[in-house]
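**Student:** To be precise about what I am sending: the file is called query_27.cif and holds mmCIF, C-alpha atoms.
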data_coords
loop_
_atom_site.group_PDB
_atom_site.id
_atom_site.type_symbol
_atom_site.label_atom_id
_atom_site.label_comp_id
_atom_site.auth_asym_id
_atom_site.auth_seq_id
_atom_site.Cartn_x
_atom_site.Cartn_y
_atom_site.Cartn_z
ATOM 1 C CA MET A 1 66.327 184.484 24.504
ATOM 2 C CA ARG A 2 67.002 182.880 21.208
ATOM 3 C CA GLU A 3 68.001 179.323 20.445
ATOM 4 C CA ILE A 4 70.885 178.932 18.045
ATOM 5 C CA GLU A 5 72.513 175.937 16.440
ATOM 6 C CA VAL A 6 76.280 175.714 16.295
ATOM 7 C CA ARG A 7 77.690 173.691 13.414
ATOM 8 C CA ASP A 8 81.223 172.423 12.899
ATOM 9 C CA ALA A 9 82.347 173.467 16.384
ATOM 10 C CA PRO A 10 85.732 172.159 17.510
ATOM 11 C CA ASP A 11 85.518 168.902 19.488
ATOM 12 C CA ASP A 12 86.974 170.521 22.615
ATOM 13 C CA ILE A 13 84.061 172.977 22.956
ATOM 14 C CA GLN A 14 81.382 171.639 25.278
ATOM 15 C CA PRO A 15 78.200 173.297 26.579
ATOM 16 C CA LEU A 16 78.405 174.810 30.040
ATOM 17 C CA GLU A 17 76.606 172.985 32.848
ATOM 18 C CA LEU A 18 73.571 174.665 34.383
ATOM 19 C CA ASN A 19 73.159 175.098 38.137
ATOM 20 C CA PHE A 20 69.650 175.982 39.343
ATOM 21 C CA ASP A 21 70.711 176.436 42.981
ATOM 22 C CA ARG A 22 70.787 180.015 44.220
ATOM 23 C CA PRO A 23 74.313 181.258 44.877
ATOM 24 C CA GLY A 24 74.902 182.506 48.405
ATOM 25 C CA ILE A 25 75.785 186.012 49.499
ATOM 26 C CA LEU A 26 79.466 186.790 48.796
ATOM 27 C CA ALA A 27 79.726 183.885 46.337
ATOM 28 C CA SER A 28 82.278 184.643 43.623
ATOM 29 C CA MET A 29 80.926 184.940 40.091
ATOM 30 C CA LEU A 30 82.283 185.358 36.567
ATOM 31 C CA ILE A 31 80.473 187.149 33.769
ATOM 32 C CA ILE A 32 81.549 186.280 30.234
ATOM 33 C CA GLY A 33 80.482 188.817 27.673
ATOM 34 C CA HIS A 34 80.790 191.309 24.898
ATOM 35 C CA PRO A 35 80.295 194.822 26.271
ATOM 36 C CA ILE A 36 80.070 197.540 23.653
ATOM 37 C CA ASN A 37 82.951 199.481 25.222
ATOM 38 C CA GLY A 38 85.414 196.625 25.709
ATOM 39 C CA ASP A 39 87.234 193.773 24.062
ATOM 40 C CA PRO A 40 85.195 191.289 22.026
ATOM 41 C CA TRP A 41 85.556 188.706 24.843
ATOM 42 C CA THR A 42 85.659 189.865 28.430
ATOM 43 C CA VAL A 43 85.584 188.043 31.758
ATOM 44 C CA VAL A 44 84.581 190.101 34.782
ATOM 45 C CA ARG A 45 84.739 188.907 38.389
ATOM 46 C CA GLY A 46 82.342 189.926 41.106
ATOM 47 C CA ASP A 47 80.603 188.778 44.266
ATOM 48 C CA ILE A 48 76.912 188.337 45.005
ATOM 49 C CA ASN A 49 75.761 191.010 47.459
ATOM 50 C CA ASN A 50 71.990 190.467 47.187
ATOM 51 C CA ASN A 51 70.107 187.420 45.946
ATOM 52 C CA LEU A 52 66.429 188.066 46.480
ATOM 53 C CA GLU A 53 64.378 188.102 43.246
ATOM 54 C CA ARG A 54 67.465 188.985 41.202
ATOM 55 C CA LEU A 55 71.176 188.531 41.730
ATOM 56 C CA GLN A 56 72.971 191.794 42.448
ATOM 57 C CA MET A 57 76.734 191.649 41.979
ATOM 58 C CA THR A 58 79.732 193.842 42.607
ATOM 59 C CA ALA A 59 81.066 193.243 39.081
ATOM 60 C CA THR A 60 81.686 196.288 36.893
ATOM 61 C CA ILE A 61 79.920 195.702 33.588
ATOM 62 C CA ALA A 62 78.720 197.862 30.730
ATOM 63 C CA ALA A 63 75.983 198.097 28.124
ATOM 64 C CA GLY A 64 76.119 195.013 25.949
ATOM 65 C CA ASN A 65 76.485 192.575 28.859
ATOM 66 C CA SER A 66 72.730 191.898 29.014
ATOM 67 C CA GLY A 67 72.069 188.240 28.242
ATOM 68 C CA ASP A 68 75.582 187.165 29.215
ATOM 69 C CA PRO A 69 76.012 184.035 31.334
ATOM 70 C CA VAL A 70 76.901 184.312 35.023
ATOM 71 C CA LEU A 71 79.121 181.455 36.178
ATOM 72 C CA ASP A 72 79.829 180.207 39.684
ATOM 73 C CA GLU A 73 83.148 178.965 41.101
ATOM 74 C CA ASN A 74 82.572 175.573 39.415
ATOM 75 C CA ASP A 75 82.149 177.181 35.963
ATOM 76 C CA GLN A 76 78.436 176.350 35.989
ATOM 77 C CA VAL A 77 75.889 178.841 34.679
ATOM 78 C CA VAL A 78 73.789 180.173 37.582
ATOM 79 C CA GLY A 79 72.205 183.208 35.947
ATOM 80 C CA MET A 80 71.802 185.509 32.976
ATOM 81 C CA MET A 81 72.770 189.176 33.031
ATOM 82 C CA LEU A 82 69.829 191.511 33.020
ATOM 83 C CA ALA A 83 71.105 195.057 33.281
ATOM 84 C CA VAL A 84 73.456 197.582 34.723
ATOM 85 C CA GLU A 85 71.846 199.718 37.393
ATOM 86 C CA VAL A 86 73.498 203.095 37.805
ATOM 87 C CA ALA A 87 73.165 204.959 41.092
ATOM 88 C CA ASP A 88 74.344 208.271 39.620
ATOM 89 C CA ALA A 89 76.594 209.627 36.884
ATOM 90 C CA ALA A 90 79.675 209.346 39.122
ATOM 91 C CA THR A 91 79.395 205.559 39.516
ATOM 92 C CA SER A 92 79.528 202.741 37.029
ATOM 93 C CA GLY A 93 76.648 200.956 38.748
ATOM 94 C CA PHE A 94 76.316 197.304 39.601
ATOM 95 C CA ALA A 95 75.429 194.129 37.765
ATOM 96 C CA VAL A 96 71.974 192.563 37.985
ATOM 97 C CA ALA A 97 71.127 189.053 36.772
ATOM 98 C CA TYR A 98 68.227 186.629 36.897
ATOM 99 C CA PRO A 99 68.968 183.282 38.546
ATOM 100 C CA LEU A 100 68.358 180.282 36.254
ATOM 101 C CA ALA A 101 65.470 178.964 38.366
ATOM 102 C CA ARG A 102 63.669 182.314 37.867
ATOM 103 C CA LEU A 103 64.254 182.164 34.107
ATOM 104 C CA ARG A 104 62.974 178.599 33.890
ATOM 105 C CA SER A 105 59.873 179.520 35.920
ATOM 106 C CA GLN A 106 59.094 182.496 33.661
ATOM 107 C CA LEU A 107 59.562 180.472 30.482
ATOM 108 C CA GLU A 108 57.217 177.794 31.839
ATOM 109 C CA THR A 109 54.644 180.530 32.640
ATOM 110 C CA TRP A 110 54.806 181.599 28.987
ATOM 111 C CA GLY A 111 54.427 177.977 27.840
ATOM 112 C CA VAL A 112 57.998 177.781 26.543
ATOM 113 C CA LEU A 113 59.774 174.493 27.162
ATOM 114 C CA TRP A 114 63.156 174.594 28.841
ATOM 115 C CA PRO A 115 65.768 173.004 26.508
ATOM 116 C CA ASP A 116 66.059 169.789 28.609
ATOM 117 C CA ALA A 117 62.269 169.386 28.541
ATOM 118 C CA ARG A 118 62.214 169.930 24.770
ATOM 119 C CA ILE A 119 64.854 167.234 24.290
ATOM 120 C CA GLN A 120 62.834 164.798 26.453
ATOM 121 C CA ALA A 121 59.659 165.624 24.496
ATOM 122 C CA LEU A 122 61.391 164.749 21.210
ATOM 123 C CA LYS A 123 62.427 161.279 22.394
#
Here is the file; what I need is its structure written in the form of structure tokens.

**Tutor:**
Amino acid sequence: MREIEVRDAPDDIQPLELNFDRPGILASMLIIGHPINGDPWTVVRGDINNNLERLQMTATIAAGNSGDPVLDENDQVVGMMLAVEVADAATSGFAVAYPLARLRSQLETWGVLWPDARIQALK
């Protein structure tokens, strides 16, 4: 993940809220992204069908969706797209994402501060 700074953004653009709670099975999700085989901005709907270590979703995504945010029904970010897992050449596969709590835990293991922690440290 890379931190970027946005300058001169319109006033009506606000950061998305983060939700560290695990979504439940069959929870509806949105994936906002830029797949290499689609429009520059796409929104894909899907449902959680497995939420063990990673979130597995019924959404149909493509290469280029890795790193995209996964939003819950309240438009809060609950995960980050990881990959498309393909069962065989006849299927498009399914979406896999890391839940935010897992990402935060891994970053802390590497000694990387989560953005909120970095902001607190600067005060």

**Student:** Could you jot down the atom CA of Pro35 of chain A to atom CA of Glu17 of chain A separation for me, Å, one decimal place?

**Tutor:**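 Computing it gives 23.1 Å between the two atoms.
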
**Student:** Using only C-alpha atoms, find the one residue out of A:Leu30, A:Leu18, A:Val96, A:Leu71 that sits nearest to Asn51 of chain A.

**Tutor:**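 Using only C-alpha atoms, Asn51 of chain A sits closest to A:Val96.
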
**Student:** May I ask for the distance between atom CA of Asp47 of chain A and atom CA of Asp12 of chain A, given in Å to one decimal place?

**Tutor:**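 That distance, rounded to one decimal, is 29.0 Å.
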
**Student:** Could you work out how far atom CA of Met81 of chain A lies from atom CA of Thr109 of chain A, giving the answer in Å with one decimal?

**Tutor:**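 Between atom CA of Thr109 of chain A and atom CA of Met81 of chain A the gap is 20.1 Å.
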
**Student:** Choose the residue, out of A:Ala62, A:Leu107, A:Val78, A:Leu100, that has the smallest atom-to-atom separation from Gly33 of chain A; count all atoms listed in the file.

**Tutor:**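 Closest to Gly33 of chain A of all the choices is A:Ala62.
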
**Student:** Do a neighbour search on segment 20-28 of chain A at 12 Å with only C-alpha atoms, toss out local chain neighbours closer than 3 positions, and write the hits as a PyMOL selection string.

**Tutor:** chain A and resi 17+31+44-59+70-80+97-105

**Student:** Go through A:Phe94, A:Arg7, A:Ile32, A:Val43 and flag the residue nearest Asp68 of chain A, using only C-alpha atoms for the distances.

**Tutor:**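 Of the candidates, the smallest distance to Asp68 of chain A is held by A:Ile32.
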
**Student:** Given 8 Å on each side, where is the centre and what are the edge lengths in Å to one decimal of the axis-aligned box enclosing the listed atoms of segment 45-61 of chain A, as JSON?

**Tutor:**
{"center_x": 74.6, "center_y": 191.9, "center_z": 40.5, "size_x": 36.4, "size_y": 24.9, "size_z": 29.9}

**Student:** Using all atoms listed in the file, which of the listed residues (A:Leu82, A:Ala95, A:Leu16, A:Ala63) sits closest to Ile36 of chain A?

**Tutor:**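 Nearest candidate to Ile36 of chain A out of A:Leu82, A:Ala95, A:Leu16, A:Ala63: A:Ala63.
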
**Student:** With C-alpha atoms retained, output segment 34-94 of chain A as a CSV table (one decimal), in the first residue's frame.

**Tutor:**
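Heads up, here's the output in selection04.csv:
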chain,number,residue,atom,x,y,z
A,34,HIS,CA,-10.4,0.0,-12.2
A,35,PRO,CA,-10.2,-3.5,-13.8
A,36,ILE,CA,-8.0,-3.7,-16.8
A,37,ASN,CA,-10.8,-5.0,-19.0
A,38,GLY,CA,-13.5,-2.6,-18.0
A,39,ASP,CA,-14.5,1.0,-17.7
A,40,PRO,CA,-12.1,3.4,-15.8
A,41,TRP,CA,-14.6,3.4,-12.8
A,42,THR,CA,-16.6,0.3,-12.0
A,43,VAL,CA,-18.8,-0.7,-9.1
A,44,VAL,CA,-19.4,-4.4,-8.6
A,45,ARG,CA,-21.9,-5.8,-6.1
A,46,GLY,CA,-21.4,-9.1,-4.3
A,47,ASP,CA,-22.2,-11.0,-1.1
A,48,ILE,CA,-19.8,-12.4,1.5
A,49,ASN,CA,-19.8,-16.2,1.3
A,50,ASN,CA,-16.8,-16.9,3.5
A,51,ASN,CA,-15.1,-14.7,6.1
A,52,LEU,CA,-12.5,-16.7,7.8
A,53,GLU,CA,-8.9,-15.3,7.3
A,54,ARG,CA,-10.0,-13.6,4.1
A,55,LEU,CA,-13.3,-12.3,2.8
A,56,GLN,CA,-14.5,-14.4,-0.2
A,57,MET,CA,-17.2,-12.7,-2.2
A,58,THR,CA,-19.6,-13.6,-5.1
A,59,ALA,CA,-18.7,-10.5,-7.0
A,60,THR,CA,-17.3,-10.9,-10.5
A,61,ILE,CA,-14.1,-9.0,-10.7
A,62,ALA,CA,-11.0,-9.0,-13.0
A,63,ALA,CA,-7.3,-8.3,-13.0
A,64,GLY,CA,-6.7,-4.8,-11.9
A,65,ASN,CA,-9.1,-4.9,-9.0
A,66,SER,CA,-6.4,-5.8,-6.5
A,67,GLY,CA,-6.1,-3.1,-3.9
A,68,ASP,CA,-9.6,-1.8,-4.5
A,69,PRO,CA,-11.7,-0.9,-1.5
A,70,VAL,CA,-14.6,-3.2,-0.4
A,71,LEU,CA,-17.5,-1.2,1.0
A,72,ASP,CA,-20.4,-2.4,3.2
A,73,GLU,CA,-24.0,-1.4,3.1
A,74,ASN,CA,-23.2,1.8,5.0
A,75,ASP,CA,-20.5,2.8,2.4
A,76,GLN,CA,-17.8,2.1,4.9
A,77,VAL,CA,-14.5,0.4,3.9
A,78,VAL,CA,-14.4,-3.1,5.4
A,79,GLY,CA,-11.6,-4.6,3.3
A,80,MET,CA,-9.1,-4.4,0.4
A,81,MET,CA,-9.3,-6.6,-2.6
A,82,LEU,CA,-6.5,-9.1,-2.8
A,83,ALA,CA,-7.1,-11.3,-5.9
A,84,VAL,CA,-9.3,-13.2,-8.2
A,85,GLU,CA,-9.3,-16.9,-7.6
A,86,VAL,CA,-10.2,-18.9,-10.7
A,87,ALA,CA,-11.5,-22.4,-10.3
A,88,ASP,CA,-11.0,-23.3,-13.9
A,89,ALA,CA,-10.9,-21.7,-17.4
A,90,ALA,CA,-14.7,-21.9,-17.7
A,91,THR,CA,-15.4,-19.7,-14.7
A,92,SER,CA,-14.5,-16.1,-13.9
A,93,GLY,CA,-13.6,-17.0,-10.3
A,94,PHE,CA,-14.5,-15.2,-7.2
